>>> print(open('data_4.cif').read())   # mmCIF, C-alpha atoms
data_structure
loop_
_atom_site.group_PDB
_atom_site.id
_atom_site.type_symbol
_atom_site.label_atom_id
_atom_site.label_comp_id
_atom_site.auth_asym_id
_atom_site.auth_seq_id
_atom_site.Cartn_x
_atom_site.Cartn_y
_atom_site.Cartn_z
ATOM 1 C CA MET A 1 87.413 72.721 94.351
ATOM 2 C CA LEU A 2 87.427 75.878 96.450
ATOM 3 C CA THR A 3 84.805 77.490 94.231
ATOM 4 C CA LEU A 4 82.448 74.546 94.815
ATOM 5 C CA ILE A 5 82.343 75.058 98.593
ATOM 6 C CA PRO A 6 79.991 78.085 98.482
ATOM 7 C CA ARG A 7 77.618 76.173 96.179
ATOM 8 C CA TYR A 8 77.525 73.165 98.481
ATOM 9 C CA LEU A 9 77.082 75.494 101.447
ATOM 10 C CA LEU A 10 74.208 77.249 99.683
ATOM 11 C CA LEU A 11 72.544 73.908 98.948
ATOM 12 C CA LEU A 12 73.094 72.768 102.540
ATOM 13 C CA LEU A 13 71.530 75.972 103.901
ATOM 14 C CA PHE A 14 68.540 75.525 101.611
ATOM 15 C CA MET A 15 68.085 71.909 102.701
ATOM 16 C CA LEU A 16 68.338 72.867 106.379
ATOM 17 C CA GLY A 17 65.791 75.660 105.914
ATOM 18 C CA PHE A 18 63.435 73.425 103.974
ATOM 19 C CA GLY A 19 63.846 70.674 106.551
ATOM 20 C CA LEU A 20 63.072 73.007 109.443
ATOM 21 C CA LEU A 21 59.984 74.394 107.722
ATOM 22 C CA ALA A 22 58.812 70.879 106.861
ATOM 23 C CA TYR A 23 59.451 69.605 110.397
ATOM 24 C CA TYR A 24 57.513 72.395 112.101
ATOM 25 C CA ASN A 25 54.740 72.499 109.515
ATOM 26 C CA VAL A 26 51.254 71.444 110.652
ATOM 27 C CA LEU A 27 47.941 70.804 108.952
ATOM 28 C CA VAL A 28 45.805 73.960 108.895
ATOM 29 C CA ASP A 29 42.393 75.241 107.784
ATOM 30 C CA ASP A 30 41.658 73.692 104.390
ATOM 31 C CA ASP A 31 43.955 70.753 105.145
ATOM 32 C CA LEU A 32 41.733 69.868 108.092
ATOM 33 C CA VAL A 33 38.589 70.191 105.963
ATOM 34 C CA MET A 34 40.117 67.748 103.486
ATOM 35 C CA LEU A 35 41.172 65.413 106.300
ATOM 36 C CA ARG A 36 37.657 65.378 107.753
ATOM 37 C CA GLY A 37 36.252 64.723 104.283
ATOM 38 C CA VAL A 38 38.496 61.667 103.909
ATOM 39 C CA GLN A 39 37.587 60.454 107.396
ATOM 40 C CA ALA A 40 33.877 60.799 106.598
ATOM 41 C CA HIS A 41 33.757 59.588 102.973
ATOM 42 C CA GLY A 42 37.017 57.788 102.183
ATOM 43 C CA ILE A 43 39.496 58.773 99.457
ATOM 44 C CA VAL A 44 37.189 58.426 96.444
ATOM 45 C CA GLY A 45 34.092 59.733 98.235
ATOM 46 C CA ALA A 46 35.929 62.814 99.495
ATOM 47 C CA THR A 47 37.391 63.412 96.028
ATOM 48 C CA ILE A 48 33.919 63.300 94.456
ATOM 49 C CA ASP A 49 32.461 65.493 97.212
ATOM 50 C CA HIS A 50 35.192 68.125 96.882
ATOM 51 C CA TYR A 51 34.971 67.971 93.093
ATOM 52 C CA ASP A 52 31.239 68.702 93.303
ATOM 53 C CA SER A 53 31.477 71.382 95.993
ATOM 54 C CA TRP A 54 34.999 72.844 96.090
ATOM 55 C CA ASN A 55 36.625 72.868 92.654
ATOM 56 C CA THR A 56 37.224 70.534 89.727
ATOM 57 C CA ARG A 57 40.876 69.643 90.269
ATOM 58 C CA TRP A 58 40.022 66.021 90.903
ATOM 59 C CA MET A 59 43.522 64.542 90.391
ATOM 60 C CA SER A 60 44.956 67.024 92.894
ATOM 61 C CA PHE A 61 42.212 66.140 95.364
ATOM 62 C CA PHE A 62 42.699 62.424 94.805
ATOM 63 C CA PHE A 63 46.441 62.782 95.472
ATOM 64 C CA LEU A 64 45.746 64.965 98.531
ATOM 65 C CA HIS A 65 43.099 62.604 99.876
ATOM 66 C CA THR A 66 45.401 59.629 99.446
ATOM 67 C CA TRP A 67 47.942 61.317 101.735
ATOM 68 C CA MET A 68 45.202 62.421 104.109
ATOM 69 C CA SER A 69 44.038 58.825 104.504
ATOM 70 C CA PHE A 70 47.216 58.122 106.480
ATOM 71 C CA TRP A 71 46.885 61.134 108.794
ATOM 72 C CA ASN A 72 44.865 62.440 111.718
ATOM 73 C CA GLU A 73 44.539 66.031 112.952
ATOM 74 C CA ASP A 74 47.830 65.830 114.863
ATOM 75 C CA SER A 75 49.876 64.249 112.066
ATOM 76 C CA SER A 76 53.016 65.873 110.773
ATOM 77 C CA PRO A 77 53.232 66.374 107.004
ATOM 78 C CA LEU A 78 57.045 66.005 107.186
ATOM 79 C CA LEU A 79 57.186 62.851 105.047
ATOM 80 C CA TYR A 80 54.884 64.440 102.480
ATOM 81 C CA HIS A 81 57.184 67.485 102.229
ATOM 82 C CA LEU A 82 60.300 65.310 101.947
ATOM 83 C CA PHE A 83 58.597 63.205 99.256
ATOM 84 C CA THR A 84 57.640 66.398 97.409
ATOM 85 C CA LEU A 85 61.203 67.751 97.640
ATOM 86 C CA GLY A 86 62.618 64.416 96.479
ATOM 87 C CA SER A 87 60.213 64.306 93.540
ATOM 88 C CA LEU A 88 61.099 67.849 92.526
ATOM 89 C CA PHE A 89 64.800 66.992 92.776
ATOM 90 C CA PHE A 90 64.221 63.923 90.590
ATOM 91 C CA VAL A 91 62.476 65.897 87.814
ATOM 92 C CA SER A 92 65.049 68.709 88.095
ATOM 93 C CA ASP A 93 67.772 66.126 87.535
ATOM 94 C CA LEU A 94 65.782 64.651 84.655
ATOM 95 C CA PHE A 95 65.385 68.134 83.162
ATOM 96 C CA LEU A 96 69.113 68.935 83.316
ATOM 97 C CA ARG A 97 70.034 65.514 81.895
ATOM 98 C CA SER A 98 67.543 65.957 79.046
ATOM 99 C CA LEU A 99 69.007 69.362 78.198
ATOM 100 C CA GLN A 100 72.486 67.888 78.186
ATOM 101 C CA ALA A 101 71.319 65.022 75.946
ATOM 102 C CA LYS A 102 69.882 67.605 73.540
ATOM 103 C CA LYS A 103 73.290 69.331 73.573
ATOM 104 C CA GLY A 104 71.483 72.469 74.718
ATOM 105 C CA LEU A 105 73.441 72.628 77.931
ATOM 106 C CA ASN A 106 76.768 71.380 79.185
ATOM 107 C CA ALA A 107 75.304 71.122 82.675
ATOM 108 C CA PHE A 108 77.692 68.817 84.510
ATOM 109 C CA THR A 109 80.847 66.795 84.200
ATOM 110 C CA SER A 110 80.441 64.187 86.951
ATOM 111 C CA THR A 111 77.777 62.598 89.156
ATOM 112 C CA PRO A 112 78.556 64.814 92.193
ATOM 113 C CA ASP A 113 78.431 67.868 89.925
ATOM 114 C CA ARG A 114 75.090 66.684 88.492
ATOM 115 C CA ILE A 115 73.650 66.169 91.989
ATOM 116 C CA LEU A 116 74.847 69.615 93.074
ATOM 117 C CA LYS A 117 73.374 71.359 90.053
ATOM 118 C CA SER A 118 70.109 69.440 90.253
ATOM 119 C CA GLY A 119 69.883 70.408 93.928
ATOM 120 C CA LEU A 120 70.569 74.065 93.182
ATOM 121 C CA PHE A 121 67.996 73.994 90.376
ATOM 122 C CA THR A 122 65.471 72.503 92.814
ATOM 123 C CA ALA A 123 66.262 75.178 95.404
ATOM 124 C CA ALA A 124 65.934 77.944 92.816
ATOM 125 C CA PHE A 125 62.646 76.483 91.598
ATOM 126 C CA ILE A 126 61.193 76.489 95.113
ATOM 127 C CA ILE A 127 62.555 79.884 96.109
ATOM 128 C CA SER A 128 61.282 81.502 92.910
ATOM 129 C CA SER A 129 57.748 80.211 93.458
ATOM 130 C CA PHE A 130 55.042 82.821 93.732
ATOM 131 C CA HIS A 131 54.361 82.054 97.393
ATOM 132 C CA ILE A 132 56.556 79.381 98.971
ATOM 133 C CA GLY A 133 54.174 78.792 101.882
ATOM 134 C CA ASP A 134 51.176 78.207 99.625
ATOM 135 C CA THR A 135 52.956 76.347 96.859
ATOM 136 C CA TRP A 136 55.123 73.998 98.911
ATOM 137 C CA PHE A 137 54.175 74.006 102.615
ATOM 138 C CA TRP A 138 50.385 74.190 102.631
ATOM 139 C CA VAL A 139 49.477 70.612 101.818
ATOM 140 C CA ASN A 140 46.105 71.471 100.267
ATOM 141 C CA THR A 141 47.505 73.935 97.748
ATOM 142 C CA SER A 142 50.824 72.183 97.183
ATOM 143 C CA THR A 143 48.966 69.257 95.624
ATOM 144 C CA MET A 144 47.294 71.723 93.260
ATOM 145 C CA TYR A 145 50.203 74.012 92.410
ATOM 146 C CA GLY A 146 53.504 72.482 93.524
ATOM 147 C CA TRP A 147 52.743 69.044 92.134
ATOM 148 C CA ASN A 148 51.438 70.566 88.891
ATOM 149 C CA LEU A 149 54.821 72.263 88.503
ATOM 150 C CA ILE A 150 56.585 68.968 89.191
ATOM 151 C CA ALA A 151 54.431 67.233 86.568
ATOM 152 C CA LEU A 152 55.022 70.035 84.053
ATOM 153 C CA LEU A 153 58.793 69.954 84.550
ATOM 154 C CA GLY A 154 58.745 66.166 84.189
ATOM 155 C CA ALA A 155 56.680 66.334 80.992
ATOM 156 C CA VAL A 156 58.946 68.998 79.484
ATOM 157 C CA SER A 157 61.987 66.901 80.379
ATOM 158 C CA ILE A 158 60.558 63.803 78.714
ATOM 159 C CA SER A 159 59.623 65.827 75.620
ATOM 160 C CA ILE A 160 63.120 67.324 75.328
ATOM 161 C CA LYS A 161 64.763 63.951 75.820
ATOM 162 C CA ALA A 162 62.482 62.339 73.213
ATOM 163 C CA THR A 163 63.487 64.903 70.590
ATOM 164 C CA ALA A 164 67.187 64.469 71.407
ATOM 165 C CA GLN A 165 67.240 60.815 70.335
#
>>> encode(input="data_4.cif", output="structure tokens")
Amino acid sequence: MLTLIPRYLLLLLFMLGFGLLAYYNVLVDDDLVMLRGVQAHGIVGATIDHYDSWNTRWMSFFFLHTWMSFWNEDSSPLLYHLFTLGSLFFVSDLFLRSLQAKKGLNAFTSTPDRILKSGLFTAAFIISSFHIGDTWFWVNTSTMYGWNLIALLGAVSISIKATAQ
């Protein structure tokens, strides 16, 4: 039990740091361009406009514009960041469970142990990102890069689990 305390403390420190960054995060530069596009053209119209003029990542733009439809220039992206963190935790947990089902990893022995290890995996995934600010805390790019990583990890997890059965 004593050896688990530093791991829980590490996870707690990560969650506090992430929470503080998410709380004080604001919409900037490209986020505001996207917001104005949604205000002017709606979700689908802004997605088409940015597809034609910005880049061709239309699913990322559609996801971004859907969030933007709920915001104004003074909105806090806190809920978006917490949803992103929760989604990454979910696929991290799915990934570890799929590895254990494949007998490729004896990852955990109990539910609290699974939650701890999934949380630490999530923290490591975020911290090891190329640029944490771009990938996870800049809303515009997090829909393009952070959410692509979440989708990839989820797809790999489902593929591993499918071959384990």
>>> closest_atom_pairs(input="data_4.cif", of="segment 109-155 of chain A", to="segment 63-66 of chain A", cutoff="12 Å", atoms="only C-alpha atoms", output="CSV")
residue,atom,partner,partner_atom,distance
A:Trp138,CA,A:Leu64,CA,11.1
A:Val139,CA,A:Leu64,CA,7.5
A:Asn140,CA,A:Leu64,CA,6.7
A:Thr141,CA,A:Leu64,CA,9.2
A:Ser142,CA,A:Leu64,CA,8.9
A:Thr143,CA,A:Leu64,CA,6.1
A:Met144,CA,A:Leu64,CA,8.7
A:Tyr145,CA,A:Leu64,CA,11.8
A:Gly146,CA,A:Leu64,CA,11.9
A:Trp147,CA,A:Phe63,CA,9.5
A:Asn148,CA,A:Phe63,CA,11.4
>>> residues_around(input="data_4.cif", residues="Phe137 of chain A", least_positions_apart="5", cutoff="12 Å", atoms="all atoms listed in the file", output="JSON, numbers by chain")
{"A": [18, 19, 20, 21, 22, 23, 24, 25, 26, 27, 28, 31, 76, 77, 78, 79, 80, 81, 82, 84, 85, 126, 129, 131, 132, 142, 143, 144, 145, 146, 147]}
>>> atom_distance(input="data_4.cif", atom1="atom CA of Leu88 of chain A", atom2="atom CA of Gly154 of chain A")
8.8 Å
>>> atom_distance(input="data_4.cif", atom1="atom CA of Asp30 of chain A", atom2="atom CA of Met59 of chain A")
16.8 Å
>>> resolve_selection(input="data_4.cif", expression="the PyMOL selection byres ((chain A and resi 90) around 12)", output="PDB file with C-alpha atoms, in the frame of the given file")
ATOM      1  CA  PHE A  83      58.597  63.205  99.256  1.00  0.00           C
ATOM      2  CA  THR A  84      57.640  66.398  97.409  1.00  0.00           C
ATOM      3  CA  LEU A  85      61.203  67.751  97.640  1.00  0.00           C
ATOM      4  CA  GLY A  86      62.618  64.416  96.479  1.00  0.00           C
ATOM      5  CA  SER A  87      60.213  64.306  93.540  1.00  0.00           C
ATOM      6  CA  LEU A  88      61.099  67.849  92.526  1.00  0.00           C
ATOM      7  CA  PHE A  89      64.800  66.992  92.776  1.00  0.00           C
ATOM      8  CA  VAL A  91      62.476  65.897  87.814  1.00  0.00           C
ATOM      9  CA  SER A  92      65.049  68.709  88.095  1.00  0.00           C
ATOM     10  CA  ASP A  93      67.772  66.126  87.535  1.00  0.00           C
ATOM     11  CA  LEU A  94      65.782  64.651  84.655  1.00  0.00           C
ATOM     12  CA  PHE A  95      65.385  68.134  83.162  1.00  0.00           C
ATOM     13  CA  LEU A  96      69.113  68.935  83.316  1.00  0.00           C
ATOM     14  CA  ARG A  97      70.034  65.514  81.895  1.00  0.00           C
ATOM     15  CA  ARG A 114      75.090  66.684  88.492  1.00  0.00           C
ATOM     16  CA  ILE A 115      73.650  66.169  91.989  1.00  0.00           C
ATOM     17  CA  LYS A 117      73.374  71.359  90.053  1.00  0.00           C
ATOM     18  CA  SER A 118      70.109  69.440  90.253  1.00  0.00           C
ATOM     19  CA  GLY A 119      69.883  70.408  93.928  1.00  0.00           C
ATOM     20  CA  PHE A 121      67.996  73.994  90.376  1.00  0.00           C
ATOM     21  CA  THR A 122      65.471  72.503  92.814  1.00  0.00           C
ATOM     22  CA  ILE A 150      56.585  68.968  89.191  1.00  0.00           C
ATOM     23  CA  ALA A 151      54.431  67.233  86.568  1.00  0.00           C
ATOM     24  CA  LEU A 153      58.793  69.954  84.550  1.00  0.00           C
ATOM     25  CA  GLY A 154      58.745  66.166  84.189  1.00  0.00           C
ATOM     26  CA  SER A 157      61.987  66.901  80.379  1.00  0.00           C
TER      27      SER A 157
END
>>> atom_distance(input="data_4.cif", atom1="atom CA of Trp71 of chain A", atom2="atom CA of Gly37 of chain A")
12.1 Å
